[in-house]
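Below is final.txt, holding compact mmCIF, C-alpha atoms.
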# COMPACT_ATOMS: atom_id res chain seq x y z
CA ASP P 228 0.00 0.00 0.00
CA ALA P 229 1.73 3.14 -1.22
CA GLY P 230 1.80 6.11 1.07
CA VAL P 231 1.63 9.71 -0.03
CA THR P 232 3.91 10.44 -2.96
CA GLN P 233 5.11 13.79 -4.24
CA SER P 234 6.98 14.87 -7.34
CA PRO P 235 9.46 16.21 -8.07
CA THR P 236 11.77 15.77 -5.07
CA HIS P 237 13.77 18.90 -5.77
CA LEU P 238 13.19 21.86 -8.07
CA ILE P 239 15.17 24.97 -8.90
CA LYS P 240 13.40 27.90 -10.52
CA THR P 241 14.17 31.55 -11.14
CA ARG P 242 12.17 34.53 -9.95
CA GLY P 243 9.06 35.22 -12.00
CA GLN P 244 8.69 31.65 -13.24
CA GLN P 245 5.79 29.33 -12.54
CA VAL P 246 5.95 25.90 -10.90
CA THR P 247 3.63 22.91 -10.54
CA LEU P 248 4.03 20.36 -7.76
CA ARG P 249 2.18 17.06 -7.70
CA CYS P 250 0.81 14.81 -5.00
CA SER P 251 -0.81 11.39 -4.92
CA PRO P 252 -2.65 10.64 -1.69
CA LYS P 253 -2.52 7.47 0.33
CA SER P 254 -4.83 4.78 -1.01
CA GLY P 255 -8.36 5.27 0.30
CA HIS P 256 -7.91 8.92 1.22
CA ASP P 257 -10.11 11.60 -0.33
CA THR P 258 -8.69 14.85 1.04
CA VAL P 259 -5.42 16.57 0.21
CA SER P 260 -3.85 19.47 2.10
CA TRP P 261 -0.80 21.48 1.12
CA TYR P 262 1.68 23.06 3.52
CA GLN P 263 4.70 25.31 3.09
CA GLN P 264 7.62 24.83 5.46
CA ALA P 265 10.35 27.44 5.51
CA LEU P 266 13.73 26.47 6.92
CA GLY P 267 13.61 26.17 10.69
CA GLN P 268 9.86 26.75 10.88
CA GLY P 269 6.77 24.63 11.30
CA PRO P 270 4.57 23.84 8.28
CA GLN P 271 2.05 26.51 7.34
CA PHE P 272 -1.32 25.56 5.86
CA ILE P 273 -1.81 26.69 2.25
CA PHE P 274 -5.13 25.09 1.28
CA GLN P 275 -7.13 21.88 1.31
CA TYR P 276 -9.03 20.03 -1.41
CA TYR P 277 -11.97 17.68 -1.10
CA GLU P 278 -14.34 16.58 -3.85
CA GLU P 279 -12.26 18.57 -6.32
CA GLU P 280 -13.01 21.84 -4.54
CA GLU P 281 -10.84 24.10 -2.41
CA ARG P 282 -12.44 23.87 1.01
CA GLN P 283 -10.27 26.15 3.09
CA ARG P 284 -7.35 28.43 2.48
CA GLY P 285 -4.58 29.74 4.67
CA ASN P 286 -2.99 33.16 4.50
CA PHE P 287 -1.37 32.79 1.08
CA PRO P 288 -1.75 35.06 -1.96
CA ASP P 289 -3.64 34.16 -5.11
CA ARG P 290 -0.34 33.28 -6.77
CA PHE P 291 -0.82 29.96 -5.00
CA SER P 292 -3.52 27.85 -6.62
CA GLY P 293 -4.37 24.21 -6.74
CA HIS P 294 -6.45 21.49 -8.22
CA GLN P 295 -7.74 18.09 -7.25
CA PHE P 296 -8.47 15.44 -9.83
CA PRO P 297 -11.20 12.76 -9.82
CA ASN P 298 -8.62 10.18 -8.66
CA TYR P 299 -7.97 12.43 -5.60
CA SER P 300 -4.47 13.41 -6.69
CA SER P 301 -3.64 17.09 -6.48
CA GLU P 302 -1.45 19.82 -7.91
CA LEU P 303 -0.09 22.97 -6.34
CA ASN P 304 0.73 25.81 -8.73
CA VAL P 305 2.72 28.89 -7.81
CA ASN P 306 2.94 31.79 -10.27
CA ALA P 307 5.37 34.69 -10.40
CA LEU P 308 7.82 33.02 -8.04
CA LEU P 309 9.55 35.11 -5.40
CA LEU P 310 12.75 34.34 -3.52
CA GLY P 311 10.61 33.96 -0.39
CA ASP P 312 8.76 31.04 -1.96
CA SER P 313 11.84 28.88 -1.44
CA ALA P 314 10.70 26.20 1.00
CA LEU P 315 9.76 22.58 1.48
CA TYR P 316 6.25 21.97 0.15
CA LEU P 317 4.43 19.19 1.90
CA CYS P 318 1.34 17.36 0.78
CA ALA P 319 -0.81 15.57 3.33
CA SER P 320 -3.71 13.24 2.72
CA SER P 321 -6.53 12.18 4.99
CA LEU P 322 -10.13 11.19 5.05
CA TRP P 323 -12.51 14.13 5.09
CA THR P 324 -14.00 12.78 8.31
CA THR P 325 -10.77 12.28 10.27
CA TRP P 326 -8.10 14.50 11.73
CA GLU P 327 -4.93 12.42 11.31
CA GLN P 328 -2.94 13.44 8.25
CA TYR P 329 -0.35 11.43 6.37
CA PHE P 330 2.46 13.43 4.86
CA GLY P 331 4.50 12.88 1.74
CA PRO P 332 8.28 13.38 1.66
CA GLY P 333 7.91 16.90 0.29
CA THR P 334 9.24 18.88 -2.66
CA ARG P 335 12.19 21.17 -1.98
CA LEU P 336 11.73 24.32 -4.09
CA THR P 337 14.60 26.74 -4.49
CA VAL P 338 13.97 30.07 -6.18
CA THR P 339 17.06 31.93 -7.40
CA SER Q 89 0.98 32.28 11.34
CA GLN Q 90 1.88 29.60 13.84
CA GLN Q 91 -0.72 28.53 16.37
CA GLY Q 92 1.64 27.13 18.92
CA GLU Q 93 5.04 27.51 20.36
CA GLU Q 94 7.18 24.64 21.45
CA ASP Q 95 9.56 24.68 24.33
CA PRO Q 96 12.44 24.10 24.35
CA GLN Q 97 13.50 24.99 20.81
CA ALA Q 98 16.31 22.44 21.09
CA LEU Q 99 17.01 19.59 23.48
CA SER Q 100 20.06 17.34 23.75
CA ILE Q 101 19.98 14.21 25.93
CA GLN Q 102 21.79 10.88 26.33
CA GLU Q 103 20.37 7.59 25.10
CA GLY Q 104 18.16 6.04 27.77
CA GLU Q 105 17.07 9.36 29.26
CA ASN Q 106 13.56 10.77 29.00
CA ALA Q 107 12.76 13.75 26.77
CA THR Q 108 9.96 16.18 27.51
CA MET Q 109 8.69 18.78 25.04
CA ASN Q 110 6.01 21.34 25.69
CA CYS Q 111 3.55 23.06 23.38
CA SER Q 112 1.37 26.08 24.00
CA TYR Q 113 -1.42 27.23 21.73
CA LYS Q 114 -3.76 30.19 21.48
CA THR Q 115 -7.30 29.26 20.47
CA SER Q 116 -9.90 26.64 21.35
CA ILE Q 117 -9.15 23.30 19.77
CA ASN Q 118 -10.85 20.09 18.73
CA ASN Q 119 -7.67 18.05 19.14
CA LEU Q 120 -3.91 18.31 19.38
CA GLN Q 121 -1.48 16.10 17.51
CA TRP Q 122 2.24 15.47 17.63
CA TYR Q 123 4.35 14.80 14.55
CA ARG Q 124 7.99 13.86 14.03
CA GLN Q 125 10.14 15.08 11.15
CA ASN Q 126 13.51 13.61 10.25
CA SER Q 127 16.07 15.75 8.43
CA GLY Q 128 13.60 18.19 6.86
CA ARG Q 129 11.56 15.54 5.12
CA GLY Q 130 7.93 14.43 5.53
CA LEU Q 131 6.19 14.43 8.87
CA VAL Q 132 5.12 11.26 10.65
CA HIS Q 133 1.99 11.28 12.80
CA LEU Q 134 2.75 10.14 16.35
CA ILE Q 135 -0.34 10.62 18.47
CA LEU Q 136 -3.64 12.52 18.66
CA ILE Q 137 -5.31 13.67 21.85
CA ARG Q 138 -8.83 15.07 21.82
CA SER Q 139 -9.85 18.17 23.73
CA ASN Q 140 -11.86 16.11 26.22
CA GLU Q 141 -8.89 13.85 27.03
CA ARG Q 142 -6.16 14.64 29.55
CA GLU Q 143 -3.57 11.96 28.89
CA LYS Q 144 -2.78 9.42 26.22
CA HIS Q 145 -0.09 6.78 25.78
CA SER Q 146 1.36 5.09 22.73
CA GLY Q 147 4.38 2.85 23.25
CA ARG Q 148 7.17 5.02 24.70
CA LEU Q 149 5.14 8.20 24.13
CA ARG Q 150 2.98 9.92 26.72
CA VAL Q 151 0.99 13.04 25.86
CA THR Q 152 -0.86 15.28 28.26
CA LEU Q 153 -3.28 18.08 27.46
CA ASP Q 154 -4.38 20.92 29.72
CA THR Q 155 -7.03 22.93 27.90
CA SER Q 156 -7.36 25.42 30.77
CA LYS Q 157 -3.70 26.38 30.25
CA LYS Q 158 -3.81 25.79 26.49
CA SER Q 159 -0.78 23.56 26.71
CA SER Q 160 0.38 20.03 25.98
CA SER Q 161 3.48 18.01 26.68
CA LEU Q 162 5.08 15.07 24.90
CA LEU Q 163 7.22 12.68 26.93
CA ILE Q 164 9.47 10.17 25.18
CA THR Q 165 10.75 7.59 27.63
CA ALA Q 166 13.98 5.60 27.34
CA SER Q 167 15.09 7.61 24.31
CA ARG Q 168 17.11 6.10 21.48
CA ALA Q 169 19.46 7.63 18.94
CA ALA Q 170 16.77 6.96 16.32
CA ASP Q 171 14.47 9.40 18.16
CA THR Q 172 16.70 12.25 16.96
CA ALA Q 173 14.34 14.47 14.94
CA SER Q 174 12.23 17.62 15.06
CA TYR Q 175 8.94 17.30 16.91
CA PHE Q 176 5.93 19.47 16.14
CA CYS Q 177 2.61 19.92 17.82
CA ALA Q 178 -0.37 20.70 15.61
CA THR Q 179 -3.83 21.78 16.60
CA GLY Q 180 -7.08 20.93 14.90
CA ASN Q 181 -9.32 23.89 15.49
CA TYR Q 182 -13.00 24.55 15.67
CA GLY Q 183 -14.51 26.72 13.00
CA GLY Q 184 -14.92 25.72 9.39
CA ALA Q 185 -15.68 22.30 8.08
CA THR Q 186 -12.15 21.19 7.30
CA ASN Q 187 -9.63 19.22 9.26
CA LYS Q 188 -7.00 21.91 8.92
CA LEU Q 189 -3.94 21.69 11.15
CA ILE Q 190 -1.97 24.59 12.56
CA PHE Q 191 1.58 23.70 13.52
CA GLY Q 192 3.88 24.99 16.20
CA THR Q 193 7.48 26.01 15.74
CA GLY Q 194 9.00 22.66 16.68
CA THR Q 195 11.54 21.21 19.10
CA LEU Q 196 14.78 19.79 17.74
CA LEU Q 197 15.70 16.70 19.77
CA ALA Q 198 19.20 15.24 19.63
CA VAL Q 199 19.76 11.91 21.39
CA GLN Q 200 23.44 11.18 21.89
CA PRO Q 201 24.46 7.48 21.77

Output the file's structure in the form of structure tokens.
Amino acid sequence: DAGVTQSPTHLIKTRGQQVTLRCSPKSGHDTVSWYQQALGQGPQFIFQYYEEEERQRGNFPDRFSGHQFPNYSSELNVNALLLGDSALYLCASSLWTTWEQYFGPGTRLTVT
Amino acid sequence: SQQGEEDPQALSIQEGENATMNCSYKTSINNLQWYRQNSGRGLVHLILIRSNEREKHSGRLRVTLDTSKKSSSLLITASRAADTASYFCATGNYGGATNKLIFGTGTLLAVQP
């Protein structure tokens, strides 16, 4: 039973570019949440998807957008990258009805 | 913004000793969870305690919750070198229909062999 998978593992982009990160949830899970973790900090909630809709959003600008597909997988898109977007991006999956979340290994994004 | 703050920020102990980490949070919660993170990679769920519970055990882990003080503690007994990691508390909050988590700032635990 595969856990949460994320791709790519690492990514280097330049300021102003756009990036797409991908996540496949744990088998049986229907909800995907995205978090941004800056170096030395705790993860910060970006948004959550359930039934292909964004259900809640953290304090992130509209440059951050997402999508959930019918197979429950999800994408995180970031436009007009800034140096401050450099971070570890974590995807977590869960059931809509439960609180425990299962995290993927993350995508390390570096913006130069 | 972070919901909670963990204390201490860093902790270094010898193998076999107990490690205690504390977490304080700001708003009313549905539950509080603890996660472990190795070397800046994905987080691993350790334990969940609900707001109406005061103590919970899982193997070598013991978690307490004091909602009147808005605080929780995680005790790892008989620590091992493999316990070296960052530990985060995360709160599941009332309000909204989603199971959104708000994380604390983390405690970096180093267990010396």

Report as a Markdown table the residues of chain P within 12 Å of chain Q, each with its shortest atom pair and distance in Å (one decimal), using only C-alpha atoms, ordered by chain and increasing residue number.
| residue | atom | partner | partner_atom | distance |
| --- | --- | --- | --- | --- |
| P:Gly230 | CA | Q:Gly130 | CA | 11.3 |
| P:Val231 | CA | Q:Gly130 | CA | 9.6 |
| P:Thr232 | CA | Q:Gly130 | CA | 10.2 |
| P:Gln233 | CA | Q:Gly130 | CA | 10.2 |
| P:Thr236 | CA | Q:Arg129 | CA | 10.2 |
| P:His237 | CA | Q:Arg129 | CA | 11.6 |
| P:Thr258 | CA | Q:Asn187 | CA | 9.4 |
| P:Val259 | CA | Q:Asn187 | CA | 10.3 |
| P:Ser260 | CA | Q:Lys188 | CA | 7.9 |
| P:Trp261 | CA | Q:Lys188 | CA | 10.0 |
| P:Tyr262 | CA | Q:Leu189 | CA | 9.6 |
| P:Gln263 | CA | Q:Phe191 | CA | 11.0 |
| P:Gln264 | CA | Q:Gly128 | CA | 9.0 |
| P:Ala265 | CA | Q:Gly128 | CA | 9.9 |
| P:Leu266 | CA | Q:Gly128 | CA | 8.3 |
| P:Gly267 | CA | Q:Thr193 | CA | 7.9 |
| P:Gln268 | CA | Q:Thr193 | CA | 5.5 |
| P:Gly269 | CA | Q:Thr193 | CA | 4.7 |
| P:Pro270 | CA | Q:Phe191 | CA | 6.0 |
| P:Gln271 | CA | Q:Phe191 | CA | 6.8 |
| P:Phe272 | CA | Q:Ile190 | CA | 6.8 |
| P:Ile273 | CA | Q:Lys188 | CA | 9.7 |
| P:Phe274 | CA | Q:Lys188 | CA | 8.5 |
| P:Gln275 | CA | Q:Lys188 | CA | 7.6 |
| P:Tyr276 | CA | Q:Thr186 | CA | 9.3 |
| P:Tyr277 | CA | Q:Thr186 | CA | 9.1 |
| P:Glu280 | CA | Q:Thr186 | CA | 11.9 |
| P:Glu281 | CA | Q:Thr186 | CA | 10.2 |
| P:Arg282 | CA | Q:Thr186 | CA | 6.8 |
| P:Gln283 | CA | Q:Thr186 | CA | 6.8 |
| P:Arg284 | CA | Q:Lys188 | CA | 9.2 |
| P:Gly285 | CA | Q:Ser89 | CA | 9.0 |
| P:Asn286 | CA | Q:Ser89 | CA | 8.0 |
| P:Phe287 | CA | Q:Ser89 | CA | 10.5 |
| P:Ala314 | CA | Q:Gly128 | CA | 10.3 |
| P:Leu315 | CA | Q:Gly128 | CA | 7.9 |
| P:Tyr316 | CA | Q:Gly130 | CA | 9.4 |
| P:Leu317 | CA | Q:Gly130 | CA | 6.9 |
| P:Cys318 | CA | Q:Gly130 | CA | 8.6 |
| P:Ala319 | CA | Q:Leu131 | CA | 9.0 |
| P:Ser320 | CA | Q:Asn187 | CA | 10.7 |
| P:Ser321 | CA | Q:Asn187 | CA | 8.8 |
| P:Leu322 | CA | Q:Asn187 | CA | 9.1 |
| P:Trp323 | CA | Q:Asn187 | CA | 7.2 |
| P:Thr324 | CA | Q:Asn187 | CA | 7.8 |
| P:Thr325 | CA | Q:Asn187 | CA | 7.1 |
| P:Trp326 | CA | Q:Asn187 | CA | 5.5 |
| P:Glu327 | CA | Q:His133 | CA | 7.2 |
| P:Gln328 | CA | Q:His133 | CA | 7.0 |
| P:Tyr329 | CA | Q:His133 | CA | 6.8 |
| P:Phe330 | CA | Q:Leu131 | CA | 5.6 |
| P:Gly331 | CA | Q:Gly130 | CA | 5.3 |
| P:Pro332 | CA | Q:Gly130 | CA | 4.0 |
| P:Gly333 | CA | Q:Gly130 | CA | 5.8 |
| P:Thr334 | CA | Q:Arg129 | CA | 8.8 |
| P:Arg335 | CA | Q:Arg129 | CA | 9.1 |

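Distance-wise, CA of Ala173 (chain Q) and CA of Glu105 (chain Q) end up 15.4 Å apart.
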
(request) Can you work out the spacing between CA of Val305 (chain P) and CA of Asp257 (chain P) in Å, to one decimal? (result)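 Atom-to-atom, CA of Val305 (chain P) to CA of Asp257 (chain P), that is 22.8 Å.
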
(request) Extract, using all atoms listed in the file, all DNA, RNA and protein residues at most 9 Å from Thr155 (chain Q), discarding same-chain residues fewer than 4 positions from it, and format them as a ChimeraX atom specification. (result) /Q:116-117,139-140,142,159-160

Got time to write the residues from that selection, C-alpha atoms, as an mmCIF file, in the frame of the given file?
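File produced: selection_15.cif:
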data_model
loop_
_atom_site.group_PDB
_atom_site.id
_atom_site.type_symbol
_atom_site.label_atom_id
_atom_site.label_comp_id
_atom_site.auth_asym_id
_atom_site.auth_seq_id
_atom_site.Cartn_x
_atom_site.Cartn_y
_atom_site.Cartn_z
ATOM 1 C CA SER Q 116 -9.900 26.640 21.350
ATOM 2 C CA ILE Q 117 -9.150 23.300 19.770
ATOM 3 C CA SER Q 139 -9.850 18.170 23.730
ATOM 4 C CA ASN Q 140 -11.860 16.110 26.220
ATOM 5 C CA ARG Q 142 -6.160 14.640 29.550
ATOM 6 C CA SER Q 159 -0.780 23.560 26.710
ATOM 7 C CA SER Q 160 0.380 20.030 25.980
#

Give, as JSON, the centre coordinates and the x, y and z edge lengths in Å to one decimal for an axis-aligned box around all listed atoms of region 234-251 of chain P, padded by 3 Å on each side.
{"center_x": 7.2, "center_y": 23.3, "center_z": -9.1, "size_x": 22.0, "size_y": 29.8, "size_z": 14.3}

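The space separating CA of Leu99 (chain Q) from CA of Ala198 (chain Q) comes to 6.2 Å.
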
(message) My list of candidates is Q:Ser146, Q:Ser161, Q:Ser156, Q:Asn106. Which is closest to Glu94 (chain Q) when distances are computed with all atoms listed in the file?
(response)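 Checking each of Q:Ser146, Q:Ser161, Q:Ser156, Q:Asn106 against Glu94 (chain Q), counting all atoms listed in the file, the winner is Q:Ser161.
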
(message) For Thr108 (chain Q), find every residue with an atom within 9 Å (counting all atoms listed in the file), except residues of its own chain fewer than 3 positions away, and show them as a PyMOL selection string.
(response) chain Q and resi 96+99+161-165

For region 239-259 of chain P, supply N, CA, C and O atoms and format the output as a PDB file, in the frame of the given file.
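What follows is the written file out-v8.pdb:
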ATOM      1  N   ILE P 239      14.544  23.648  -8.937  1.00  0.00           N
ATOM      2  CA  ILE P 239      15.170  24.970  -8.900  1.00  0.00           C
ATOM      3  C   ILE P 239      14.545  25.825  -9.984  1.00  0.00           C
ATOM      4  O   ILE P 239      14.507  25.422 -11.149  1.00  0.00           O
ATOM      5  N   LYS P 240      14.044  26.981  -9.586  1.00  0.00           N
ATOM      6  CA  LYS P 240      13.400  27.900 -10.520  1.00  0.00           C
ATOM      7  C   LYS P 240      13.978  29.294 -10.313  1.00  0.00           C
ATOM      8  O   LYS P 240      14.593  29.586  -9.290  1.00  0.00           O
ATOM      9  N   THR P 241      13.746  30.163 -11.286  1.00  0.00           N
ATOM     10  CA  THR P 241      14.170  31.550 -11.140  1.00  0.00           C
ATOM     11  C   THR P 241      12.965  32.437 -10.868  1.00  0.00           C
ATOM     12  O   THR P 241      11.817  32.066 -11.163  1.00  0.00           O
ATOM     13  N   ARG P 242      13.243  33.579 -10.295  1.00  0.00           N
ATOM     14  CA  ARG P 242      12.170  34.530  -9.950  1.00  0.00           C
ATOM     15  C   ARG P 242      11.300  34.823 -11.165  1.00  0.00           C
ATOM     16  O   ARG P 242      11.798  34.974 -12.284  1.00  0.00           O
ATOM     17  N   GLY P 243       9.989  34.899 -10.934  1.00  0.00           N
ATOM     18  CA  GLY P 243       9.060  35.220 -12.000  1.00  0.00           C
ATOM     19  C   GLY P 243       8.507  34.002 -12.727  1.00  0.00           C
ATOM     20  O   GLY P 243       7.478  34.099 -13.405  1.00  0.00           O
ATOM     21  N   GLN P 244       9.182  32.851 -12.568  1.00  0.00           N
ATOM     22  CA  GLN P 244       8.690  31.650 -13.240  1.00  0.00           C
ATOM     23  C   GLN P 244       7.502  31.061 -12.496  1.00  0.00           C
ATOM     24  O   GLN P 244       7.106  31.509 -11.417  1.00  0.00           O
ATOM     25  N   GLN P 245       6.934  30.036 -13.104  1.00  0.00           N
ATOM     26  CA  GLN P 245       5.790  29.330 -12.540  1.00  0.00           C
ATOM     27  C   GLN P 245       6.217  27.892 -12.262  1.00  0.00           C
ATOM     28  O   GLN P 245       7.092  27.343 -12.942  1.00  0.00           O
ATOM     29  N   VAL P 246       5.591  27.272 -11.256  1.00  0.00           N
ATOM     30  CA  VAL P 246       5.950  25.900 -10.900  1.00  0.00           C
ATOM     31  C   VAL P 246       4.687  25.108 -10.576  1.00  0.00           C
ATOM     32  O   VAL P 246       3.696  25.666 -10.084  1.00  0.00           O
ATOM     33  N   THR P 247       4.722  23.818 -10.893  1.00  0.00           N
ATOM     34  CA  THR P 247       3.630  22.910 -10.540  1.00  0.00           C
ATOM     35  C   THR P 247       4.195  21.730  -9.765  1.00  0.00           C
ATOM     36  O   THR P 247       5.142  21.080 -10.210  1.00  0.00           O
ATOM     37  N   LEU P 248       3.635  21.490  -8.599  1.00  0.00           N
ATOM     38  CA  LEU P 248       4.030  20.360  -7.760  1.00  0.00           C
ATOM     39  C   LEU P 248       2.869  19.374  -7.716  1.00  0.00           C
ATOM     40  O   LEU P 248       1.698  19.771  -7.737  1.00  0.00           O
ATOM     41  N   ARG P 249       3.206  18.089  -7.617  1.00  0.00           N
ATOM     42  CA  ARG P 249       2.180  17.060  -7.700  1.00  0.00           C
ATOM     43  C   ARG P 249       2.167  16.166  -6.479  1.00  0.00           C
ATOM     44  O   ARG P 249       3.203  15.938  -5.849  1.00  0.00           O
ATOM     45  N   CYS P 250       0.984  15.633  -6.181  1.00  0.00           N
ATOM     46  CA  CYS P 250       0.810  14.810  -5.000  1.00  0.00           C
ATOM     47  C   CYS P 250      -0.205  13.705  -5.283  1.00  0.00           C
ATOM     48  O   CYS P 250      -1.283  13.977  -5.827  1.00  0.00           O
ATOM     49  N   SER P 251       0.147  12.493  -4.876  1.00  0.00           N
ATOM     50  CA  SER P 251      -0.810  11.390  -4.920  1.00  0.00           C
ATOM     51  C   SER P 251      -1.097  10.955  -3.493  1.00  0.00           C
ATOM     52  O   SER P 251      -0.166  10.621  -2.751  1.00  0.00           O
ATOM     53  N   PRO P 252      -2.342  10.957  -3.087  1.00  0.00           N
ATOM     54  CA  PRO P 252      -2.650  10.640  -1.690  1.00  0.00           C
ATOM     55  C   PRO P 252      -2.522   9.150  -1.391  1.00  0.00           C
ATOM     56  O   PRO P 252      -2.429   8.325  -2.292  1.00  0.00           O
ATOM     57  N   LYS P 253      -2.511   8.855  -0.135  1.00  0.00           N
ATOM     58  CA  LYS P 253      -2.520   7.470   0.330  1.00  0.00           C
ATOM     59  C   LYS P 253      -3.792   6.802  -0.171  1.00  0.00           C
ATOM     60  O   LYS P 253      -4.859   7.432  -0.223  1.00  0.00           O
ATOM     61  N   SER P 254      -3.683   5.518  -0.513  1.00  0.00           N
ATOM     62  CA  SER P 254      -4.830   4.780  -1.010  1.00  0.00           C
ATOM     63  C   SER P 254      -5.998   4.852  -0.025  1.00  0.00           C
ATOM     64  O   SER P 254      -5.835   4.639   1.184  1.00  0.00           O
ATOM     65  N   GLY P 255      -7.168   5.192  -0.540  1.00  0.00           N
ATOM     66  CA  GLY P 255      -8.360   5.270   0.300  1.00  0.00           C
ATOM     67  C   GLY P 255      -8.657   6.656   0.841  1.00  0.00           C
ATOM     68  O   GLY P 255      -9.744   6.902   1.351  1.00  0.00           O
ATOM     69  N   HIS P 256      -7.705   7.561   0.732  1.00  0.00           N
ATOM     70  CA  HIS P 256      -7.910   8.920   1.220  1.00  0.00           C
ATOM     71  C   HIS P 256      -8.553   9.797   0.163  1.00  0.00           C
ATOM     72  O   HIS P 256      -8.310   9.627  -1.035  1.00  0.00           O
ATOM     73  N   ASP P 257      -9.373  10.770   0.609  1.00  0.00           N
ATOM     74  CA  ASP P 257     -10.110  11.600  -0.330  1.00  0.00           C
ATOM     75  C   ASP P 257      -9.792  13.089  -0.199  1.00  0.00           C
ATOM     76  O   ASP P 257     -10.325  13.900  -0.954  1.00  0.00           O
ATOM     77  N   THR P 258      -8.956  13.443   0.745  1.00  0.00           N
ATOM     78  CA  THR P 258      -8.690  14.850   1.040  1.00  0.00           C
ATOM     79  C   THR P 258      -7.189  15.113   0.969  1.00  0.00           C
ATOM     80  O   THR P 258      -6.395  14.318   1.490  1.00  0.00           O
ATOM     81  N   VAL P 259      -6.828  16.202   0.324  1.00  0.00           N
ATOM     82  CA  VAL P 259      -5.420  16.570   0.210  1.00  0.00           C
ATOM     83  C   VAL P 259      -5.229  17.992   0.727  1.00  0.00           C
ATOM     84  O   VAL P 259      -5.973  18.903   0.357  1.00  0.00           O
TER      85      VAL P 259
END
